[in-house]
Structures are given as structure tokens and as C-alpha cells.
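Printed here is final.cif (mmCIF, C-alpha atoms):
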```
data_start
loop_
_atom_site.label_atom_id
_atom_site.label_comp_id
_atom_site.auth_asym_id
_atom_site.auth_seq_id
_atom_site.Cartn_x
_atom_site.Cartn_y
_atom_site.Cartn_z
CA MET Y 78 31.76 131.29 63.10
CA ILE Y 79 30.92 129.05 60.13
CA ASP Y 80 34.09 127.08 60.81
CA ALA Y 81 33.01 126.45 64.41
CA LEU Y 82 29.57 125.32 63.18
CA ASN Y 83 31.12 122.92 60.66
CA ILE Y 84 33.55 121.43 63.17
CA GLY Y 85 30.88 121.16 65.88
CA LEU Y 86 28.49 119.41 63.50
CA ALA Y 87 31.24 117.05 62.31
CA GLY Y 88 31.97 116.22 65.97
CA LEU Y 89 28.31 115.48 66.70
CA VAL Y 90 28.00 113.29 63.59
CA LEU Y 91 31.11 111.33 64.59
CA GLY Y 92 29.87 110.95 68.18
CA LEU Y 93 26.49 109.59 67.08
CA ALA Y 94 28.11 107.23 64.56
CA PHE Y 95 30.42 105.93 67.29
CA TRP Y 96 27.49 105.48 69.66
CA SER Y 97 25.51 103.55 67.06
CA ILE Y 98 28.47 101.16 66.77
CA VAL Y 99 29.31 100.64 70.46
CA ALA Y 100 25.80 100.81 72.01
CA ARG Y 101 24.95 97.60 73.89
CA GLU Y 102 21.33 97.32 72.75
CA ALA Y 103 20.51 97.14 69.03
CA PHE Y 104 17.50 99.38 69.65
CA VAL Y 105 19.67 102.16 71.12
CA ALA Y 106 22.12 101.76 68.23
CA VAL Y 107 19.32 102.20 65.68
CA ALA Y 108 17.99 105.26 67.54
CA ALA Y 109 21.47 106.79 67.38
CA PHE Y 110 21.64 105.91 63.68
CA ILE Y 111 18.37 107.73 62.95
CA ALA Y 112 19.57 110.87 64.76
CA TYR Y 113 22.82 110.49 62.82
CA GLY Y 114 20.87 110.35 59.54
CA LEU Y 115 19.03 113.57 60.39
CA LEU Y 116 22.30 115.36 61.22
CA LEU Y 117 23.74 114.14 57.92
CA THR Y 118 20.92 116.06 56.26
CA LEU Y 119 22.37 119.25 57.78
CA VAL Y 120 25.82 118.28 56.54
CA TRP Y 121 24.43 117.94 53.01
CA VAL Y 122 22.91 121.41 53.25
CA LEU Y 123 26.28 122.82 54.32
CA LEU Y 124 27.89 121.01 51.37
CA HIS Y 125 25.36 122.73 49.03
CA GLY Y 126 23.67 119.48 48.07
CA ILE Y 127 20.02 120.30 48.81
CA ASP Y 128 18.70 117.48 46.61
CA VAL Y 129 21.01 115.02 48.36
CA ALA Y 130 19.89 116.41 51.74
CA LEU Y 131 16.26 115.70 50.85
CA THR Y 132 17.13 112.17 49.75
CA GLU Y 133 19.19 111.54 52.89
CA ALA Y 134 16.38 112.78 55.17
CA ALA Y 135 13.73 110.71 53.36
CA ILE Y 136 15.60 107.51 52.58
CA GLY Y 137 18.93 107.43 54.44
CA GLY Y 138 17.50 108.47 57.81
CA GLY Y 139 13.76 107.87 57.46
CA LEU Y 140 13.15 104.64 55.55
CA THR Y 141 16.39 102.91 56.55
CA GLY Y 142 15.76 103.90 60.19
CA ALA Y 143 12.21 102.51 60.11
CA LEU Y 144 13.47 99.30 58.50
CA LEU Y 145 16.18 98.82 61.14
CA ILE Y 146 13.86 99.67 64.06
CA GLY Y 147 11.43 96.99 62.87
CA ALA Y 148 14.24 94.45 62.52
CA ALA Y 149 15.74 95.36 65.93
CA SER Y 150 12.45 94.76 67.73
CA ARG Y 151 11.94 91.43 65.93
CA LEU Y 152 15.47 90.25 66.73
CA ARG Y 153 15.62 91.42 70.33
CA GLY Y 154 15.73 87.82 71.59
CA SER Y 155 18.88 87.05 69.60
CA GLU Y 156 21.09 89.74 71.09
CA ALA Y 157 22.22 87.87 74.21
CA ALA Y 158 23.49 84.96 72.12
CA ALA Y 159 25.36 87.34 69.82
CA ARG Y 160 27.09 89.01 72.77
CA ALA Y 161 28.57 85.64 73.72
CA GLU Y 162 30.21 85.56 70.28
CA ARG Y 163 32.05 88.85 70.71
CA PRO Y 164 35.63 88.44 69.54
CA GLY Y 165 38.53 88.73 71.98
CA ALA Y 166 40.68 91.76 72.80
CA ALA Y 167 43.22 90.94 70.10
CA VAL Y 168 40.60 91.15 67.35
CA HIS Y 169 39.34 94.43 68.82
CA TRP Y 170 42.81 95.97 68.72
CA LEU Y 171 43.47 94.63 65.25
CA ALA Y 172 40.14 96.06 64.01
CA ALA Y 173 40.91 99.41 65.64
CA GLY Y 174 44.34 99.39 63.97
CA VAL Y 175 42.90 98.61 60.54
CA SER Y 176 40.23 101.29 60.98
CA VAL Y 177 42.73 103.96 61.99
CA ALA Y 178 44.97 103.04 59.04
CA VAL Y 179 42.06 103.29 56.57
CA THR Y 180 40.95 106.61 58.08
CA ALA Y 181 44.50 108.00 57.97
CA ALA Y 182 44.94 106.98 54.32
CA LEU Y 183 41.63 108.59 53.35
CA ALA Y 184 42.42 111.72 55.39
CA VAL Y 185 45.72 112.13 53.54
CA GLY Y 186 43.77 111.70 50.31
CA VAL Y 187 41.37 114.45 51.34
CA LEU Y 188 44.20 116.84 52.19
CA VAL Y 189 46.08 116.35 48.91
CA LEU Y 190 43.11 116.58 46.54
CA PRO Y 191 44.08 118.37 43.32
CA VAL Y 192 43.69 122.16 43.04
CA PRO Y 193 41.78 123.38 41.07
CA ALA Y 194 39.23 120.66 41.63
CA PRO Y 195 37.98 118.84 38.53
CA THR Y 196 34.36 119.66 37.84
CA LEU Y 197 31.66 118.98 35.29
CA ALA Y 198 29.49 121.89 36.47
CA PRO Y 199 30.40 124.18 33.51
CA ASP Y 200 29.52 121.38 31.05
CA VAL Y 201 26.17 120.87 32.76
CA ALA Y 202 25.53 124.62 32.76
CA ALA Y 203 26.37 124.81 29.05
CA HIS Y 204 24.01 122.02 28.00
CA ILE Y 205 21.16 122.25 30.51
CA ALA Y 206 19.07 124.49 28.23
CA VAL Y 207 18.72 121.59 25.75
CA THR Y 208 16.89 119.46 28.32
CA GLY Y 209 14.29 122.09 29.20
CA VAL Y 210 14.57 121.41 32.95
CA GLY Y 211 15.97 123.99 35.37
CA ASN Y 212 17.37 121.77 38.13
CA PRO Y 213 20.87 120.58 37.12
CA ILE Y 214 20.52 117.44 39.28
CA THR Y 215 17.34 116.41 37.44
CA ALA Y 216 19.05 117.16 34.13
CA VAL Y 217 21.91 114.81 35.10
CA LEU Y 218 19.57 112.11 36.44
CA LEU Y 219 17.20 112.01 33.46
CA ALA Y 220 19.15 113.34 30.50
CA PHE Y 221 22.95 113.32 30.79
CA ARG Y 222 23.15 110.12 32.83
CA ALA Y 223 19.71 108.63 32.31
CA MET Y 224 21.21 105.15 32.03
CA ASP Y 225 22.17 105.27 35.74
CA THR Y 226 18.62 106.14 36.71
CA LEU Y 227 17.15 103.40 34.51
CA LEU Y 228 19.47 100.80 36.03
CA GLU Y 229 18.70 102.13 39.51
CA ALA Y 230 14.96 101.63 38.98
CA ILE Y 231 15.69 98.08 37.81
CA VAL Y 232 17.96 97.45 40.83
CA LEU Y 233 15.10 98.55 43.12
CA LEU Y 234 12.71 96.18 41.34
CA PHE Y 235 15.18 93.28 41.62
CA ALA Y 236 15.75 94.01 45.31
CA LEU Y 237 11.99 93.84 45.89
CA ILE Y 238 11.79 90.53 43.99
CA GLY Y 239 14.68 89.33 46.17
CA VAL Y 240 12.81 90.31 49.35
CA TRP Y 241 9.63 88.61 48.13
CA SER Y 242 11.48 85.47 47.13
CA LEU Y 243 12.40 84.97 50.80
CA ALA Y 244 8.76 84.11 51.55
CA PRO Y 245 8.10 80.50 52.61
CA ASP Y 246 6.41 78.57 49.76
CA ARG Y 247 3.01 78.42 51.48
CA PHE Y 248 2.83 82.23 51.70
CA TRP Y 249 3.86 82.95 48.09
CA GLY Y 250 1.36 85.32 46.52
CA GLY Y 251 0.11 86.40 49.96
CA ARG Y 252 0.18 89.69 51.82
CA PRO Y 253 3.46 91.06 53.22
CA GLY Y 254 3.80 91.80 56.93
CA LEU Y 255 1.29 91.05 59.65
CA ARG Y 256 -2.19 92.55 59.77
CA GLN Y 257 -1.99 95.62 62.01
CA HIS Y 258 -4.62 96.18 64.65
CA ALA Y 259 -4.52 99.64 66.15
CA ASP Y 260 -7.25 101.17 68.32
CA PRO Y 261 -9.67 102.64 65.71
CA ASN Y 262 -10.26 105.64 68.00
CA GLY Y 263 -6.62 105.96 69.04
CA ILE Y 264 -4.20 108.71 68.14
CA LEU Y 265 -2.43 106.56 65.51
CA ALA Y 266 -5.66 105.97 63.58
CA TYR Y 267 -6.49 109.66 63.93
CA VAL Y 268 -3.12 110.77 62.55
CA ALA Y 269 -3.39 108.17 59.79
CA ARG Y 270 -6.65 109.82 58.68
CA VAL Y 271 -5.53 113.46 58.97
CA LEU Y 272 -1.92 113.34 57.76
CA PRO Y 273 -2.05 111.43 54.41
CA PRO Y 274 -3.96 114.12 52.43
CA ILE Y 275 -1.34 116.68 53.49
CA GLY Y 276 1.50 114.21 52.95
CA VAL Y 277 0.31 113.21 49.49
CA ILE Y 278 0.16 116.87 48.43
CA ALA Y 279 3.64 117.46 49.86
CA GLY Y 280 4.88 114.37 48.00
CA ILE Y 281 3.39 115.46 44.68
CA TYR Y 282 4.72 118.99 45.21
CA ILE Y 283 8.26 117.79 45.87
CA PHE Y 284 7.97 115.52 42.82
CA TRP Y 285 6.62 118.30 40.59
CA ILE Y 286 9.07 121.08 41.51
CA GLY Y 287 11.97 118.64 41.04
CA ALA Y 288 12.18 119.75 37.40
CA ASP Y 289 13.34 123.25 38.32
CA HIS Y 290 14.17 123.26 42.05
CA PRO Y 291 15.56 120.81 44.62
CA GLY Y 292 13.23 117.83 44.87
CA GLY Y 293 12.29 115.00 42.58
CA LYS Y 294 10.68 111.64 42.20
CA PHE Y 295 12.73 109.72 44.79
CA GLN Y 296 12.06 112.20 47.58
CA GLY Y 297 8.40 112.61 46.60
CA ALA Y 298 7.91 108.84 46.27
CA THR Y 299 9.39 108.31 49.74
CA ILE Y 300 6.89 110.72 51.29
CA MET Y 301 4.03 109.00 49.44
CA ALA Y 302 5.31 105.58 50.57
CA ALA Y 303 5.51 106.85 54.18
CA MET Y 304 1.87 107.97 54.02
CA TRP Y 305 0.85 104.56 52.66
CA LEU Y 306 2.78 102.81 55.46
CA LEU Y 307 1.14 105.04 58.06
CA VAL Y 308 -2.33 104.07 56.84
CA MET Y 309 -1.39 100.41 56.95
CA MET Y 310 0.25 100.63 60.39
CA ALA Y 311 -2.92 102.18 61.76
CA GLY Y 312 -4.88 99.20 60.44
CA LEU Y 313 -7.01 101.38 58.15
CA ALA Y 314 -5.94 99.44 55.06
CA ASP Y 315 -4.24 96.13 54.47
CA ALA Y 316 -1.16 95.42 52.37
CA PRO Y 317 -2.05 94.12 48.89
CA PRO Y 318 -1.32 90.44 48.11
CA ILE Y 319 1.80 90.33 45.96
CA SER Y 320 0.03 88.22 43.32
CA ARG Y 321 -2.34 91.07 42.33
CA THR Y 322 -2.09 91.91 38.63
CA TRP Y 323 -2.55 95.68 39.12
CA LEU Y 324 0.30 95.70 41.63
CA ARG Y 325 2.69 93.81 39.38
CA THR Y 326 1.70 95.94 36.39
CA LEU Y 327 2.47 99.17 38.25
CA LEU Y 328 5.76 97.75 39.56
CA VAL Y 329 7.11 97.10 36.06
CA ALA Y 330 5.38 100.05 34.35
CA GLY Y 331 8.02 102.64 35.36
CA PRO Y 332 11.10 100.79 34.08
CA LEU Y 333 9.22 99.58 30.95
CA VAL Y 334 8.14 103.12 29.98
CA PHE Y 335 11.73 104.27 30.61
CA ILE Y 336 13.11 101.51 28.35
CA ALA Y 337 10.46 102.18 25.68
CA ILE Y 338 11.29 105.88 25.56
CA GLY Y 339 14.98 104.97 25.46
CA ALA Y 340 14.36 102.59 22.54
CA VAL Y 341 12.41 105.23 20.63
CA GLY Y 342 15.53 107.40 20.99
CA VAL Y 343 17.43 104.91 18.81
CA VAL Y 344 15.16 105.85 15.89
CA THR Y 345 14.53 109.54 16.56
CA ALA Y 346 17.87 110.65 18.01
CA ASP Y 347 20.38 107.98 16.95
CA ALA Y 348 21.13 106.62 20.46
CA PHE Y 349 19.49 104.64 23.22
CA LEU Y 350 18.03 107.04 25.81
CA ALA Y 351 18.74 110.07 23.61
CA TYR Y 352 15.90 112.55 23.20
CA PRO Y 353 14.98 114.23 19.88
CA GLU Y 354 15.80 117.93 19.70
CA GLY Y 355 13.17 120.06 21.40
CA GLY Y 356 11.33 117.00 22.75
CA ALA Y 357 13.39 116.38 25.87
CA LYS Y 358 11.16 118.02 28.46
CA PRO Y 359 7.93 116.10 27.69
CA LEU Y 360 9.81 112.80 27.49
CA ILE Y 361 11.55 113.48 30.84
CA LEU Y 362 8.16 114.27 32.38
CA ALA Y 363 6.66 111.08 30.93
CA ILE Y 364 9.46 109.02 32.48
CA GLU Y 365 9.05 110.74 35.85
CA PHE Y 366 5.28 110.25 35.85
CA ALA Y 367 5.69 106.56 35.03
CA LEU Y 368 8.40 106.06 37.66
CA MET Y 369 6.58 107.83 40.50
CA PRO Y 370 3.96 105.11 41.31
CA THR Y 371 6.53 102.37 40.73
CA LEU Y 372 8.97 103.93 43.19
CA THR Y 373 6.24 104.62 45.77
CA LEU Y 374 5.11 100.99 45.68
CA ILE Y 375 8.62 99.54 45.69
CA LEU Y 376 9.82 101.67 48.62
CA GLY Y 377 6.70 100.91 50.67
CA LEU Y 378 6.65 97.18 49.88
CA MET Y 379 10.36 96.80 50.57
CA LEU Y 380 9.77 98.10 54.10
CA MET Y 381 6.92 95.61 54.62
CA GLY Y 382 9.15 92.70 53.77
CA ALA Y 383 8.37 89.21 52.51
CA PRO Y 384 4.79 87.85 52.44
CA LYS Y 385 3.81 86.40 55.82
CA ARG Y 386 0.22 85.39 55.21
CA GLY Y 387 -1.35 82.93 52.78
CA PRO Y 388 -2.74 84.03 49.40
CA LEU Y 389 -6.32 83.31 50.54
CA PRO Y 390 -8.18 86.45 51.72
CA MET T 274 39.51 125.23 56.77
CA SER T 275 36.75 124.92 54.18
CA ALA T 276 33.56 122.93 54.77
CA ALA T 277 34.67 120.46 52.09
CA THR T 278 37.89 119.70 54.02
CA VAL T 279 36.17 119.46 57.42
CA PHE T 280 33.51 117.05 56.17
CA GLY T 281 36.00 115.19 53.99
CA LEU T 282 38.02 114.41 57.12
CA CYS T 283 34.81 113.64 59.02
CA ALA T 284 33.87 111.19 56.23
CA ALA T 285 37.27 109.47 56.51
CA ALA T 286 36.67 109.01 60.27
CA LEU T 287 33.13 107.69 59.65
CA ILE T 288 34.46 105.04 57.28
CA GLY T 289 36.95 103.99 59.97
CA ILE T 290 34.27 103.85 62.69
CA GLY T 291 31.97 101.80 60.46
CA LEU T 292 34.75 99.41 59.51
CA TYR T 293 35.56 98.83 63.18
CA GLY T 294 31.90 98.07 63.93
CA LEU T 295 31.64 95.75 60.93
CA ILE T 296 34.53 93.66 62.25
CA VAL T 297 33.87 93.52 66.00
CA ASN T 298 30.05 93.36 66.25
CA PRO T 299 29.01 89.71 65.88
CA HIS T 300 25.27 90.45 65.48
CA PRO T 301 24.33 90.62 61.77
CA LEU T 302 21.91 93.51 62.32
CA ARG T 303 24.76 95.53 63.87
CA LYS T 304 26.92 94.61 60.90
CA ILE T 305 24.23 95.93 58.54
CA LEU T 306 24.11 99.13 60.59
CA ALA T 307 27.91 99.46 60.54
CA PHE T 308 27.83 98.87 56.78
CA ASN T 309 25.41 101.78 56.46
CA VAL T 310 27.77 103.99 58.50
CA ILE T 311 30.59 103.09 56.08
CA GLY T 312 28.27 103.82 53.18
CA SER T 313 27.26 107.23 54.48
CA GLY T 314 30.95 108.01 55.06
CA VAL T 315 31.73 107.15 51.44
CA PHE T 316 28.79 109.30 50.31
CA MET T 317 29.96 112.22 52.46
CA LEU T 318 33.49 111.95 51.05
CA PHE T 319 32.05 112.01 47.53
CA GLY T 320 29.84 114.96 48.57
CA ALA T 321 32.86 116.89 49.88
CA ILE T 322 34.60 116.31 46.53
CA ALA T 323 31.43 117.46 44.73
CA ARG T 324 31.46 120.64 46.86
CA ARG T 325 35.01 121.39 45.75
CA GLY T 326 33.80 121.25 42.16
CA ALA T 327 31.51 124.28 42.67
CA ALA T 328 31.51 126.31 39.47
CA ALA T 329 29.25 128.05 36.95
CA GLY T 330 27.02 129.40 39.71
CA MET T 331 26.33 125.97 41.18
CA GLY T 332 27.15 125.19 44.83
CA GLY T 333 28.63 121.85 43.90
CA ASP T 334 29.32 119.63 40.92
CA PRO T 335 25.84 118.32 39.98
CA VAL T 336 27.10 115.10 38.38
CA PRO T 337 28.47 113.51 41.60
CA GLN T 338 25.48 114.88 43.50
CA ALA T 339 23.08 113.10 41.14
CA LEU T 340 25.13 109.90 41.47
CA LEU T 341 24.87 110.30 45.27
CA ILE T 342 21.07 110.31 45.09
CA THR T 343 21.22 107.11 43.05
CA GLY T 344 23.72 105.68 45.55
CA ILE T 345 21.58 106.44 48.61
CA VAL T 346 18.54 104.78 47.04
CA VAL T 347 20.52 101.69 45.99
CA ALA T 348 22.07 101.48 49.50
CA PHE T 349 18.55 101.44 50.94
CA SER T 350 17.46 98.61 48.64
CA ALA T 351 20.57 96.58 49.56
CA THR T 352 19.84 97.18 53.26
CA ALA T 353 16.22 96.08 52.85
CA LEU T 354 17.32 92.88 51.11
CA ALA T 355 19.92 92.17 53.83
CA VAL T 356 17.35 92.73 56.60
CA ALA T 357 14.86 90.44 54.83
CA LEU T 358 17.52 87.70 54.58
CA LEU T 359 18.33 88.13 58.26
CA LEU T 360 14.68 87.95 59.37
CA ARG T 361 14.15 84.81 57.27
CA LEU T 362 17.22 83.23 58.87
CA PHE T 363 15.82 84.09 62.30
CA ASP T 364 12.39 82.67 61.43
CA GLU T 365 13.92 79.43 60.16
CA THR T 366 16.52 78.73 62.84
CA GLY T 367 15.58 80.92 65.82
CA SER T 368 19.08 82.39 65.89
CA VAL T 369 21.10 84.74 63.72
CA THR T 370 24.63 83.54 64.33
CA LEU T 371 27.12 83.79 61.47
CA ALA T 372 29.56 81.42 63.19
CA SER T 373 30.18 78.16 61.36
CA GLU T 374 30.69 76.26 64.65
CA ALA T 375 28.68 76.29 67.87
CA PRO T 376 29.07 79.67 69.63
CA ASP T 377 30.91 78.26 72.71
CA LYS T 378 33.59 76.70 70.51
CA VAL T 379 34.11 79.97 68.71
CA GLN T 380 34.50 81.75 71.99
CA THR T 381 37.19 79.43 73.35
CA GLY T 382 38.94 79.73 69.99
CA THR T 383 39.32 83.50 70.23
CA ASP T 384 39.82 83.96 74.00
CA ASP T 385 43.15 85.61 74.78
CA ALA T 386 44.26 84.95 71.25
#
```

Can you dump the structure from the file as C-alpha cells?
Amino acid sequence: MIDALNIGLAGLVLGLAFWSIVAREAFVAVAAFIAYGLLLTLVWVLLHGIDVALTEAAIGGGLTGALLIGAASRLRGSEAAARAERPGAAVHWLAAGVSVAVTAALAVGVLVLPVPAPTLAPDVAAHIAVTGVGNPITAVLLAFRAMDTLLEAIVLLFALIGVWSLAPDRFWGGRPGLRQHADPNGILAYVARVLPPIGVIAGIYIFWIGADHPGGKFQGATIMAAMWLLVMMAGLADAPPISRTWLRTLLVAGPLVFIAIGAVGVVTADAFLAYPEGGAKPLILAIEFALMPTLTLILGLMLMGAPKRGPLP
Amino acid sequence: MSAATVFGLCAAALIGIGLYGLIVNPHPLRKILAFNVIGSGVFMLFGAIARRGAAAGMGGDPVPQALLITGIVVAFSATALAVALLLRLFDETGSVTLASEAPDKVQTGTDDA
């Protein structure tokens, strides 16, 4: 029974992935990709990765899907020209051959994986009590491998600076995206008034329980960013100009607090990003609280893209 | 067959499908999408390996699972940067071709090759 479910789900995932590649219209391909992202969430649940499932649903399917839908509608006019550039049959066959070879090599790799499988789970279980958090994923993200998470936050910040730097000179310091004008009495404006209070509570809840249960700052921040985007799409609020000091302060606050706490570790615990004995939990919480607004802003602003309007109000 | 094996094989096929799309779709947005399919295949393969490492009462090895969360977020930021580059290219030139020559020349070059 479970086997049939697994194989059926794998078949559906493969079918949707294939459709998103071969669909004629970019819009249809993106729609297939979003459905694919949601099914991947189920796969993650079956693979016992609930935290990964939450991340995949929020970021892999949700935010990436919204980003690609926006791009597909902007670029609709360019599709006909691209079709004329399609490579000939020989390239298609060659690509198919390469793809099958790569898949076959990986499949063999999957079938000959070592038994028993190597695992760090017992190590994590043995040391998790030191960190004071109950969710092993959070313990790995913010204690055992905190360096990865610090660098990830910095990568996100750099990606946002990269997106901003694509603004034409005359718009530098201006507001990203175009001003949205939705019907103030329409259903979008209504939803944008009713949903955010619920969404913000859900976001904070997912963020807060991340210490002991599946959840965490990335998933919570994505929900908060989605609520912010909804309000802006409904025209109830405008995107902030990227030159605002409060915005830039919040954007760097998360990584800076993270680095500061890491540097304090050099003095109190003899290593960068090490926590003094018994003080791990409050420091982890401080990092998460500092990262939460930074991540919310970065994820939302990245979806809005480069500034498109002048810095004047 | 265990779930880890089924989805490990599924992941191998996803990487192949994405690679095919990356090569044959000339539109950059479709290439970005194909790149994301490859990425999710790699993540799923890693996730299947993490599932095999279930031990100490955990359903999977938490270390690769935490790295996966980092990976998914970084993949999103790379996608957002790629889309922003593409939209700027479209705004500047009105087209998104990656061909170095005019499109009709490229086409005659690859016809019945």
C-alpha cells in the first residue's frame, strides 16, 4: 500500500516535471512547476523531512513560483522569437542521450549506496541537550553548523544587492516594482485586509515553535513576506524606497548580530560562533530574533525586483 | 522497495529531465525553470540519502536535512537574481535571446545538423 503510494507520487512528480519542461507556453510551464513544488512537499513528508517540507512549500513552490509567474507574464512577448531559435533534431537527441546517461549513472549510484548508511543522527542526539533546543534541525542550523546559516544570510543579502544593482541609474534609491492599483472594494483588497493578521500570527508561530518542533525562521519569514506582498499587491501599501535608512539598517541587522555573537564566542568559548556553556539557548534565540525581520524583508524585496521608479516620492 | 530508493531513483530521473530542458529550451526563463528542476532533483537525492541515515529516534539524518533548508533558500536567491538579470536584459533590448548571432543565422546553422 505504502509502496504503491510512493511509486504513484514519484510518477506524478516526474510527469509534472516533464510537462514543465516540454510545455509550449512559459505560463503553462510555470503552472506545472508550482504544482510540482507542492507535490515535492508531500515527498519530503514521506522522506521524514518535515522541516524541509515546510521550506519547500514556502520557498521552493510558493516564492519561486510567484517569481516565475511574474517573469513569464512580463516576457510573454519574447516567446515567439525564442521558439524560432529551437535547436535541430540532432541536438534534441544528443541532449536526450546525455540526460539518460546522467540519470542512469545516478540511478546506479542510488542502488549501490553503502549499507549501513552513514549517519550523524546519533552524534546530534548525543549533543543536542547542550544547545537547549529540542528540534535537531534547528540545533544543526544554529549551533553545530551555524557558519552555514551565517553565510546563507549573507548570500541572501548579496543576492538582494545584486538584484537592486540592476536598476537603471535614474531609478537608484527608488521604489521597487510598479505601484499596484487594485479596486479598493474588490476581493483582493478585502483579502489583503483580512488575511495578514492571521498570516502574521501563523508566521510568528512557525518561527517560535521552530526551537522544539518543525518550523523555523525561514518558513516563518516566508509567510510574513507573503503577507507583506499581498498588502502591496492590493495597493494598500507601497514598497519602500531602497534608500531608506531604516530599511537598510534592518537588512544588515540580522547578519551583523549573528557575526557579533560569533565574535563574542572567541572570547567566551574559545571559537568563532561557539556558545559559552549553558548560554546557548538565549544566544540562539537572539540570533533568530535578529534574523527574522532581515529574512522577511529580503525575501519580499527580492520578489519585487529592481527599483523601477525614481527616488522622488 | 523503500521510500528512500523510490525517491532516490525519482530524483535521478528529475535531474535528467531538467538537464534535457536546460539544453533544448532556448528561452532563458525556461532554462531557469529547468535549472530549478535539476536543483530540486539534487535536493531530493540528498533527502533520500538523509532518510537512509535515520537513527537515534530521528526519521532522517538531521545534518543533511538542515543543509537542504539552506540549499533551498540559496537556490531561491540565485533564481531571483537570474530572473532580475533576464528582466533587465528584456527592458534594455526588447528581446531575451542568448544567441551570439542573429536568430535566423543560428537556425540555418543547426538545421538538419

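Running the PyMOL selection byres ((chain Y and resi 302) around 7) on this file leaves Y:Ala298, Y:Thr299, Y:Ile300, Y:Met301, Y:Ala303, Y:Met304, Y:Trp305, Y:Leu306, Y:Thr373, Y:Leu374, Y:Leu376, Y:Gly377 selected.
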
Give as an mmCIF file with C-alpha atoms, in the coordinates of the input the residues that the PyMOL selection byres ((chain Y and resi 211-223) around 10) matches when applied to the coordinates above.
```
data_model
loop_
_atom_site.group_PDB
_atom_site.id
_atom_site.type_symbol
_atom_site.label_atom_id
_atom_site.label_comp_id
_atom_site.auth_asym_id
_atom_site.auth_seq_id
_atom_site.Cartn_x
_atom_site.Cartn_y
_atom_site.Cartn_z
ATOM 1 C CA GLY Y 126 23.670 119.480 48.070
ATOM 2 C CA ILE Y 127 20.020 120.300 48.810
ATOM 3 C CA ASP Y 128 18.700 117.480 46.610
ATOM 4 C CA VAL Y 129 21.010 115.020 48.360
ATOM 5 C CA ALA Y 198 29.490 121.890 36.470
ATOM 6 C CA VAL Y 201 26.170 120.870 32.760
ATOM 7 C CA ALA Y 202 25.530 124.620 32.760
ATOM 8 C CA HIS Y 204 24.010 122.020 28.000
ATOM 9 C CA ILE Y 205 21.160 122.250 30.510
ATOM 10 C CA ALA Y 206 19.070 124.490 28.230
ATOM 11 C CA VAL Y 207 18.720 121.590 25.750
ATOM 12 C CA THR Y 208 16.890 119.460 28.320
ATOM 13 C CA GLY Y 209 14.290 122.090 29.200
ATOM 14 C CA VAL Y 210 14.570 121.410 32.950
ATOM 15 C CA MET Y 224 21.210 105.150 32.030
ATOM 16 C CA ASP Y 225 22.170 105.270 35.740
ATOM 17 C CA THR Y 226 18.620 106.140 36.710
ATOM 18 C CA LEU Y 227 17.150 103.400 34.510
ATOM 19 C CA LEU Y 228 19.470 100.800 36.030
ATOM 20 C CA GLU Y 229 18.700 102.130 39.510
ATOM 21 C CA ILE Y 286 9.070 121.080 41.510
ATOM 22 C CA GLY Y 287 11.970 118.640 41.040
ATOM 23 C CA ALA Y 288 12.180 119.750 37.400
ATOM 24 C CA ASP Y 289 13.340 123.250 38.320
ATOM 25 C CA HIS Y 290 14.170 123.260 42.050
ATOM 26 C CA PRO Y 291 15.560 120.810 44.620
ATOM 27 C CA GLY Y 292 13.230 117.830 44.870
ATOM 28 C CA GLY Y 293 12.290 115.000 42.580
ATOM 29 C CA LYS Y 294 10.680 111.640 42.200
ATOM 30 C CA PHE Y 335 11.730 104.270 30.610
ATOM 31 C CA GLY Y 339 14.980 104.970 25.460
ATOM 32 C CA PHE Y 349 19.490 104.640 23.220
ATOM 33 C CA LEU Y 350 18.030 107.040 25.810
ATOM 34 C CA ALA Y 351 18.740 110.070 23.610
ATOM 35 C CA TYR Y 352 15.900 112.550 23.200
ATOM 36 C CA ALA Y 357 13.390 116.380 25.870
ATOM 37 C CA LYS Y 358 11.160 118.020 28.460
ATOM 38 C CA LEU Y 360 9.810 112.800 27.490
ATOM 39 C CA ILE Y 361 11.550 113.480 30.840
ATOM 40 C CA LEU Y 362 8.160 114.270 32.380
ATOM 41 C CA ILE Y 364 9.460 109.020 32.480
ATOM 42 C CA GLU Y 365 9.050 110.740 35.850
ATOM 43 C CA MET T 331 26.330 125.970 41.180
ATOM 44 C CA ASP T 334 29.320 119.630 40.920
ATOM 45 C CA PRO T 335 25.840 118.320 39.980
ATOM 46 C CA VAL T 336 27.100 115.100 38.380
ATOM 47 C CA PRO T 337 28.470 113.510 41.600
ATOM 48 C CA GLN T 338 25.480 114.880 43.500
ATOM 49 C CA ALA T 339 23.080 113.100 41.140
ATOM 50 C CA LEU T 340 25.130 109.900 41.470
ATOM 51 C CA ILE T 342 21.070 110.310 45.090
ATOM 52 C CA THR T 343 21.220 107.110 43.050
#
```

I need the residue set behind the PyMOL selection byres ((chain T and resi 317) around 12) for this file; please write it as a PyMOL selection string. (chain Y and resi 87+90+114+117-126+129-130+133+187) or (chain T and resi 276-288+310-316+318-324+337-338+341-342+344-345)

Do you have the CA of Pro301 (chain T)-CA of Trp249 (chain Y) distance handy? 25.8 Å

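Distances to chain Y were evaluated for T:Ala329, T:Ala348, T:Leu371, T:Ala355 using only C-alpha atoms, and the minimum falls at T:Ala329.
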
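Here CA of Ala109 (chain Y) is placed at a distance of 5.2 Å from CA of Ser97 (chain Y).
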
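Within 12 Å of Gly367 (chain T), once all atoms listed in the file are used and residues closer than 6 positions along the same chain are dropped, the contacting residues are Arg151, Leu152, Arg153, Gly154, Ser155, Glu156 and Ala158 of chain Y; Leu359, Leu360 and Arg361 of chain T.
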
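Relative to CA of Gly251 (chain Y), CA of Val356 (chain T) is found at 19.5 Å.
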
Residues within 7 Å of Leu295 (chain T), please, as a list in words. Count only C-alpha atoms; anything in the same chain fewer than 5 positions from it doesn't count. Lys304, Ala307 and Phe308 of chain T

Counting only C-alpha atoms, the option among Y:Gly250, Y:Pro164, Y:Gly356, Y:Pro384 closest to chain T: Y:Pro164

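Here the question is which of Y:Gly254, Y:Val308, Y:Ala178, Y:Val240 gets nearest to Tyr267 (chain Y) using all atoms listed in the file, and that residue is Y:Val308.
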
Is there a way to get, as a VMD selection string, all residues within 7 Å of the point (34.4, 122.4, 40.3) in file coordinates, counting all atoms listed in the file? (chain Y and resid 194 to 198) or (chain T and resid 325 to 328 333 to 334)
